[in-house]
file work27.txt (compact mmCIF, C-alpha atoms)
# COMPACT_ATOMS: atom_id res chain seq x y z
CA MET A 24 -4.51 -16.98 -15.08
CA THR A 25 -6.81 -17.59 -12.17
CA PRO A 26 -6.23 -16.37 -8.63
CA ASP A 27 -5.40 -19.96 -7.64
CA GLU A 28 -2.79 -20.22 -10.40
CA ILE A 29 -1.19 -16.95 -9.34
CA GLU A 30 -1.09 -18.11 -5.73
CA ALA A 31 0.40 -21.47 -6.76
CA LEU A 32 3.11 -19.68 -8.74
CA LEU A 33 4.00 -17.53 -5.74
CA ARG A 34 3.97 -20.43 -3.30
CA ASP A 35 5.88 -22.96 -5.42
CA PRO A 36 8.59 -24.25 -3.04
CA SER A 37 10.61 -25.79 -5.88
CA VAL A 38 11.46 -22.29 -7.16
CA PRO A 39 13.59 -19.88 -5.10
CA TRP A 40 11.62 -16.95 -3.73
CA GLU A 41 13.59 -14.35 -5.71
CA GLU A 42 12.81 -16.17 -8.96
CA ARG A 43 9.11 -16.45 -8.06
CA ARG A 44 9.05 -12.72 -7.32
CA ASP A 45 10.77 -11.96 -10.63
CA ARG A 46 8.29 -14.12 -12.56
CA VAL A 47 5.49 -11.85 -11.40
CA LYS A 48 6.85 -9.02 -13.54
CA ASP A 49 6.49 -11.15 -16.68
CA LEU A 50 2.87 -12.13 -16.08
CA GLN A 51 0.34 -10.75 -18.54
CA GLY A 52 -3.40 -10.31 -18.33
CA VAL A 53 -3.52 -10.85 -14.58
CA THR A 54 -5.32 -7.74 -13.34
CA GLY A 55 -8.75 -9.40 -13.09
CA ALA A 56 -7.37 -12.42 -11.26
CA THR A 57 -5.28 -10.19 -9.00
CA ALA A 58 -8.28 -8.03 -8.08
CA ALA A 59 -10.31 -11.19 -7.38
CA GLY A 60 -7.48 -12.67 -5.33
CA LEU A 61 -7.11 -9.49 -3.28
CA GLU A 62 -10.84 -9.36 -2.59
CA ALA A 63 -11.10 -13.05 -1.68
CA ALA A 64 -8.10 -12.83 0.64
CA ARG A 65 -9.43 -9.64 2.25
CA ALA A 66 -12.89 -11.12 2.76
CA ALA A 67 -11.35 -14.22 4.36
CA GLY A 68 -8.91 -12.22 6.47
CA ASP A 69 -6.10 -14.25 4.91
CA TRP A 70 -3.41 -11.57 5.14
CA GLY A 71 -0.60 -13.87 3.98
CA LYS A 72 -2.48 -14.50 0.74
CA PHE A 73 -3.41 -10.81 0.52
CA GLU A 74 0.28 -9.94 0.72
CA LEU A 75 1.08 -12.32 -2.14
CA PHE A 76 -1.49 -10.62 -4.34
CA LEU A 77 -0.12 -7.21 -3.35
CA LEU A 78 3.17 -8.35 -4.88
CA VAL A 79 1.39 -8.89 -8.19
CA ALA A 80 -0.55 -5.63 -7.78
CA ALA A 81 2.70 -3.73 -7.30
CA ALA A 82 4.09 -5.15 -10.54
CA HIS A 83 0.86 -4.58 -12.50
CA PRO A 84 -0.93 -1.51 -11.06
CA ASP A 85 -4.63 -1.25 -11.86
CA PRO A 86 -7.48 0.79 -10.34
CA SER A 87 -9.55 -2.38 -9.89
CA TYR A 88 -7.37 -3.13 -6.85
CA LEU A 89 -8.53 -0.03 -4.98
CA PRO A 90 -11.68 -1.48 -3.33
CA PRO A 91 -10.03 -4.47 -1.61
CA ILE A 92 -6.89 -2.54 -0.70
CA THR A 93 -8.73 0.41 0.78
CA ALA A 94 -11.14 -1.88 2.63
CA ALA A 95 -8.18 -3.74 4.16
CA LEU A 96 -6.43 -0.52 5.13
CA ALA A 97 -9.61 0.88 6.67
CA LEU A 98 -9.44 -1.90 9.26
CA GLY A 99 -6.35 -0.30 10.82
CA ALA A 100 -5.28 -3.76 11.94
CA ARG A 101 -1.77 -4.90 12.65
CA GLU A 102 -2.31 -8.15 10.72
CA VAL A 103 -2.98 -6.32 7.46
CA PRO A 104 0.18 -5.78 5.38
CA ASN A 105 -0.39 -2.03 5.67
CA GLU A 106 2.98 -0.86 4.36
CA ASP A 107 2.82 -3.03 1.25
CA ALA A 108 -0.77 -1.96 0.60
CA LEU A 109 0.18 1.71 0.90
CA GLU A 110 3.07 1.25 -1.50
CA VAL A 111 0.63 -0.13 -4.07
CA LEU A 112 -1.73 2.81 -3.46
CA ALA A 113 1.15 5.20 -4.14
CA ASP A 114 1.19 3.76 -7.67
CA LEU A 115 -2.60 4.14 -7.97
CA PRO A 116 -3.20 7.80 -7.12
CA ASP A 117 -6.93 8.20 -6.57
CA PRO A 118 -8.57 11.28 -5.05
CA GLY A 119 -11.19 8.98 -3.53
CA THR A 120 -8.55 7.70 -1.11
CA ILE A 121 -7.53 11.09 0.33
CA ALA A 122 -9.65 10.91 3.51
CA LEU A 123 -8.51 7.35 4.25
CA LEU A 124 -4.86 8.18 3.64
CA GLU A 125 -5.05 11.26 5.85
CA ARG A 126 -6.64 9.24 8.65
CA ILE A 127 -3.93 6.58 8.33
CA ALA A 128 -1.15 9.18 8.32
CA ARG A 129 -2.52 10.82 11.45
CA THR A 130 -3.06 7.57 13.38
CA GLU A 131 -0.29 6.31 15.62
CA HIS A 132 -0.20 2.57 16.29
CA GLU A 133 1.71 0.99 19.16
CA TRP A 134 2.78 -1.77 16.74
CA ASP A 135 4.30 0.69 14.26
CA GLU A 136 7.32 1.80 16.27
CA PHE A 137 8.79 4.11 13.63
CA ASN A 138 5.45 5.20 12.10
CA GLN A 139 6.29 3.74 8.71
CA VAL A 140 2.59 3.23 8.01
CA GLY A 141 2.01 6.96 8.46
CA VAL A 142 4.98 7.85 6.26
CA LYS A 143 3.81 5.54 3.49
CA ALA A 144 0.33 7.06 3.70
CA VAL A 145 2.00 10.44 3.13
CA TRP A 146 3.82 9.01 0.10
CA ALA A 147 0.53 7.75 -1.32
CA LEU A 148 -1.08 11.14 -0.70
CA GLU A 149 1.82 12.90 -2.38
CA ALA A 150 1.14 10.89 -5.54
CA ILE A 151 -2.35 12.44 -5.77
CA HIS A 152 -1.98 15.78 -7.52
CA THR A 153 -5.06 17.67 -6.37
CA PRO A 154 -5.59 20.68 -4.13
CA GLU A 155 -7.44 18.39 -1.70
CA ALA A 156 -4.42 16.10 -1.37
CA THR A 157 -2.17 19.12 -0.81
CA ALA A 158 -4.53 20.39 1.89
CA ALA A 159 -4.51 16.97 3.57
CA LEU A 160 -0.71 16.94 3.52
CA ALA A 161 -0.67 20.43 5.05
CA ARG A 162 -2.97 19.28 7.88
CA ILE A 163 -0.76 16.24 8.52
CA ALA A 164 2.29 18.53 8.61
CA GLU A 165 0.66 20.43 11.49
CA HIS A 166 -0.65 17.59 13.67
CA GLY A 167 0.44 14.11 14.64
CA ASP A 168 3.65 12.18 14.87
CA GLU A 169 6.69 14.40 14.38
CA TYR A 170 8.35 12.05 11.90
CA VAL A 171 5.20 11.83 9.75
CA GLN A 172 4.77 15.61 10.03
CA ARG A 173 8.24 16.14 8.57
CA TRP A 174 7.50 13.93 5.58
CA ALA A 175 4.21 15.74 4.98
CA ALA A 176 5.86 19.15 5.29
CA LYS A 177 8.50 18.14 2.73
CA ALA A 178 5.75 16.98 0.38
CA VAL A 179 3.92 20.31 0.72
CA THR A 180 7.18 22.22 0.13
CA ARG A 181 7.87 20.23 -3.05
CA ARG A 182 4.39 21.08 -4.34
CA THR A 183 4.57 24.77 -3.63
CA ARG A 184 7.91 25.42 -5.33

call {"tool": "encode", "arguments": {"input": "work27.txt", "output": "structure tokens"}}
result
Amino acid sequence: MTPDEIEALLRDPSVPWEERRDRVKDLQGVTGATAAGLEAARAAGDWGKFELFLLVAAAHPDPSYLPPITAALALGAREVPNEDALEVLADLPDPGTIALLERIARTEHEWDEFNQVGVKAVWALEAIHTPEATAALARIAEHGDEYVQRWAAKAVTRRTR
């Protein structure tokens, strides 16, 4: 499948949204097209299209998605589907994302009323099983939003048991 075919499948108005979403799980051999779709959407700043490709990325995790997802998250922009992107990163634990995830977890945005972006960054960090990720979680548990701190502290506690 090409990125355009994937997008057409996800945008087909003749099929109910739930069915379109379920079809994604059955796709095969789509990682290359998904990575290309993510990168094209990111480069164009087309966050609606980016979000569609994140749906495919969530169903078919692959490390090739890391560059466009991390580049989008690095923007720190409200328009980026940050929470969805972080959920995908939680399924792609990569030590190369630790610094970015820590920065995201420690950043408070006026548009993120309940700091869900920070919490999901903690979840993604928790999926990385390295001493560096544990240290980042410990730093987050000490500084920043109280709600995010609690999630980070719980993650550290689970690791040190």

call {"tool": "residues_around", "arguments": {"input": "work27.txt", "residues": "A:Glu125", "least_positions_apart": "6", "cutoff": "8 Å", "atoms": "all atoms listed in the file", "output": "PyMOL selection string"}}
result
chain A and resi 144-145+148+159-160+163

call {"tool": "atom_distance", "arguments": {"input": "work27.txt", "atom1": "atom CA of A:Leu115", "atom2": "atom CA of A:Leu78"}}
result
14.1 Å

call {"tool": "atom_distance", "arguments": {"input": "work27.txt", "atom1": "atom CA of A:Ala176", "atom2": "atom CA of A:Arg162"}}
result
9.2 Å

call {"tool": "closest_residue", "arguments": {"input": "work27.txt", "among": "A:Ile29, A:Ala147, A:Ala82, A:Leu96", "to": "A:Asp49", "atoms": "only C-alpha atoms"}}
result
A:Ala82

call {"tool": "residues_around", "arguments": {"input": "work27.txt", "residues": "stretch 98-100 of chain A", "least_positions_apart": "2", "cutoff": "12 Å", "atoms": "only C-alpha atoms", "output": "PyMOL selection string"}}
result
chain A and resi 65-66+68+70+91-96+102-106+108+123-124+126-135+140-141

call {"tool": "residues_around", "arguments": {"input": "work27.txt", "residues": "A:Arg173", "least_positions_apart": "5", "cutoff": "10 Å", "atoms": "all atoms listed in the file", "output": "MDAnalysis selection string"}}
result
chainID A and resid 142 163:165 168 178:179

call {"tool": "build_atoms", "arguments": {"input": "work27.txt", "residues": "stretch 145-156 of chain A", "atoms": "all heavy atoms", "output": "PDB file, keeping the file's coordinate frame"}}
result
ATOM      1  N   VAL A 145       1.602   9.139   3.675  1.00  0.00           N
ATOM      2  CA  VAL A 145       2.000  10.440   3.130  1.00  0.00           C
ATOM      3  C   VAL A 145       2.512  10.275   1.700  1.00  0.00           C
ATOM      4  O   VAL A 145       2.160  11.052   0.807  1.00  0.00           O
ATOM      5  CB  VAL A 145       3.053  11.125   4.029  1.00  0.00           C
ATOM      6  CG1 VAL A 145       3.716  12.307   3.331  1.00  0.00           C
ATOM      7  CG2 VAL A 145       2.429  11.555   5.347  1.00  0.00           C
ATOM      8  N   TRP A 146       3.319   9.252   1.461  1.00  0.00           N
ATOM      9  CA  TRP A 146       3.820   9.010   0.100  1.00  0.00           C
ATOM     10  C   TRP A 146       2.661   8.792  -0.868  1.00  0.00           C
ATOM     11  O   TRP A 146       2.682   9.303  -1.993  1.00  0.00           O
ATOM     12  CB  TRP A 146       4.748   7.810   0.069  1.00  0.00           C
ATOM     13  CG  TRP A 146       6.030   7.964   0.815  1.00  0.00           C
ATOM     14  CD1 TRP A 146       6.537   9.094   1.403  1.00  0.00           C
ATOM     15  CD2 TRP A 146       6.976   6.934   1.074  1.00  0.00           C
ATOM     16  NE1 TRP A 146       7.746   8.819   2.013  1.00  0.00           N
ATOM     17  CE2 TRP A 146       8.042   7.504   1.827  1.00  0.00           C
ATOM     18  CE3 TRP A 146       7.035   5.582   0.762  1.00  0.00           C
ATOM     19  CZ2 TRP A 146       9.140   6.766   2.244  1.00  0.00           C
ATOM     20  CZ3 TRP A 146       8.128   4.850   1.179  1.00  0.00           C
ATOM     21  CH2 TRP A 146       9.171   5.437   1.911  1.00  0.00           C
ATOM     22  N   ALA A 147       1.681   8.008  -0.449  1.00  0.00           N
ATOM     23  CA  ALA A 147       0.530   7.750  -1.320  1.00  0.00           C
ATOM     24  C   ALA A 147      -0.261   9.031  -1.563  1.00  0.00           C
ATOM     25  O   ALA A 147      -0.733   9.274  -2.680  1.00  0.00           O
ATOM     26  CB  ALA A 147      -0.349   6.655  -0.712  1.00  0.00           C
ATOM     27  N   LEU A 148      -0.400   9.852  -0.536  1.00  0.00           N
ATOM     28  CA  LEU A 148      -1.080  11.140  -0.700  1.00  0.00           C
ATOM     29  C   LEU A 148      -0.308  12.057  -1.651  1.00  0.00           C
ATOM     30  O   LEU A 148      -0.899  12.761  -2.473  1.00  0.00           O
ATOM     31  CB  LEU A 148      -1.219  11.849   0.652  1.00  0.00           C
ATOM     32  CG  LEU A 148      -2.507  11.654   1.411  1.00  0.00           C
ATOM     33  CD1 LEU A 148      -2.388  12.244   2.812  1.00  0.00           C
ATOM     34  CD2 LEU A 148      -3.686  12.248   0.666  1.00  0.00           C
ATOM     35  N   GLU A 149       0.996  12.040  -1.524  1.00  0.00           N
ATOM     36  CA  GLU A 149       1.820  12.900  -2.380  1.00  0.00           C
ATOM     37  C   GLU A 149       1.655  12.548  -3.854  1.00  0.00           C
ATOM     38  O   GLU A 149       1.800  13.417  -4.725  1.00  0.00           O
ATOM     39  CB  GLU A 149       3.285  12.813  -1.970  1.00  0.00           C
ATOM     40  CG  GLU A 149       4.140  13.832  -2.670  1.00  0.00           C
ATOM     41  CD  GLU A 149       5.581  13.852  -2.187  1.00  0.00           C
ATOM     42  OE1 GLU A 149       5.987  12.974  -1.411  1.00  0.00           O
ATOM     43  OE2 GLU A 149       6.304  14.764  -2.609  1.00  0.00           O
ATOM     44  N   ALA A 150       1.316  11.311  -4.147  1.00  0.00           N
ATOM     45  CA  ALA A 150       1.140  10.890  -5.540  1.00  0.00           C
ATOM     46  C   ALA A 150      -0.159  11.422  -6.145  1.00  0.00           C
ATOM     47  O   ALA A 150      -0.330  11.394  -7.363  1.00  0.00           O
ATOM     48  CB  ALA A 150       1.162   9.356  -5.622  1.00  0.00           C
ATOM     49  N   ILE A 151      -1.065  11.907  -5.307  1.00  0.00           N
ATOM     50  CA  ILE A 151      -2.350  12.440  -5.770  1.00  0.00           C
ATOM     51  C   ILE A 151      -2.176  13.945  -5.971  1.00  0.00           C
ATOM     52  O   ILE A 151      -1.972  14.688  -5.014  1.00  0.00           O
ATOM     53  CB  ILE A 151      -3.472  12.139  -4.764  1.00  0.00           C
ATOM     54  CG1 ILE A 151      -3.576  10.634  -4.515  1.00  0.00           C
ATOM     55  CG2 ILE A 151      -4.799  12.708  -5.259  1.00  0.00           C
ATOM     56  CD1 ILE A 151      -4.462  10.259  -3.338  1.00  0.00           C
ATOM     57  N   HIS A 152      -2.261  14.378  -7.187  1.00  0.00           N
ATOM     58  CA  HIS A 152      -1.980  15.780  -7.520  1.00  0.00           C
ATOM     59  C   HIS A 152      -3.276  16.588  -7.616  1.00  0.00           C
ATOM     60  O   HIS A 152      -3.714  16.957  -8.710  1.00  0.00           O
ATOM     61  CB  HIS A 152      -1.168  15.863  -8.809  1.00  0.00           C
ATOM     62  CG  HIS A 152       0.158  15.193  -8.684  1.00  0.00           C
ATOM     63  ND1 HIS A 152       1.212  15.771  -8.015  1.00  0.00           N
ATOM     64  CD2 HIS A 152       0.588  13.979  -9.088  1.00  0.00           C
ATOM     65  CE1 HIS A 152       2.248  14.944  -8.031  1.00  0.00           C
ATOM     66  NE2 HIS A 152       1.897  13.848  -8.679  1.00  0.00           N
ATOM     67  N   THR A 153      -3.864  16.825  -6.435  1.00  0.00           N
ATOM     68  CA  THR A 153      -5.060  17.670  -6.370  1.00  0.00           C
ATOM     69  C   THR A 153      -4.897  18.648  -5.221  1.00  0.00           C
ATOM     70  O   THR A 153      -4.123  18.398  -4.288  1.00  0.00           O
ATOM     71  CB  THR A 153      -6.329  16.827  -6.112  1.00  0.00           C
ATOM     72  OG1 THR A 153      -6.249  16.254  -4.802  1.00  0.00           O
ATOM     73  CG2 THR A 153      -6.521  15.731  -7.161  1.00  0.00           C
ATOM     74  N   PRO A 154      -5.636  19.744  -5.261  1.00  0.00           N
ATOM     75  CA  PRO A 154      -5.590  20.680  -4.130  1.00  0.00           C
ATOM     76  C   PRO A 154      -6.037  20.020  -2.817  1.00  0.00           C
ATOM     77  O   PRO A 154      -5.509  20.353  -1.752  1.00  0.00           O
ATOM     78  CB  PRO A 154      -6.566  21.794  -4.548  1.00  0.00           C
ATOM     79  CG  PRO A 154      -6.633  21.711  -6.034  1.00  0.00           C
ATOM     80  CD  PRO A 154      -6.438  20.261  -6.371  1.00  0.00           C
ATOM     81  N   GLU A 155      -6.967  19.084  -2.902  1.00  0.00           N
ATOM     82  CA  GLU A 155      -7.440  18.390  -1.700  1.00  0.00           C
ATOM     83  C   GLU A 155      -6.334  17.547  -1.071  1.00  0.00           C
ATOM     84  O   GLU A 155      -6.207  17.499   0.152  1.00  0.00           O
ATOM     85  CB  GLU A 155      -8.653  17.502  -2.023  1.00  0.00           C
ATOM     86  CG  GLU A 155      -9.878  18.262  -2.469  1.00  0.00           C
ATOM     87  CD  GLU A 155      -9.860  18.687  -3.944  1.00  0.00           C
ATOM     88  OE1 GLU A 155      -8.979  18.239  -4.703  1.00  0.00           O
ATOM     89  OE2 GLU A 155     -10.729  19.493  -4.305  1.00  0.00           O
ATOM     90  N   ALA A 156      -5.537  16.898  -1.897  1.00  0.00           N
ATOM     91  CA  ALA A 156      -4.420  16.100  -1.370  1.00  0.00           C
ATOM     92  C   ALA A 156      -3.372  17.020  -0.748  1.00  0.00           C
ATOM     93  O   ALA A 156      -2.823  16.708   0.319  1.00  0.00           O
ATOM     94  CB  ALA A 156      -3.797  15.259  -2.482  1.00  0.00           C
TER      95      ALA A 156
END
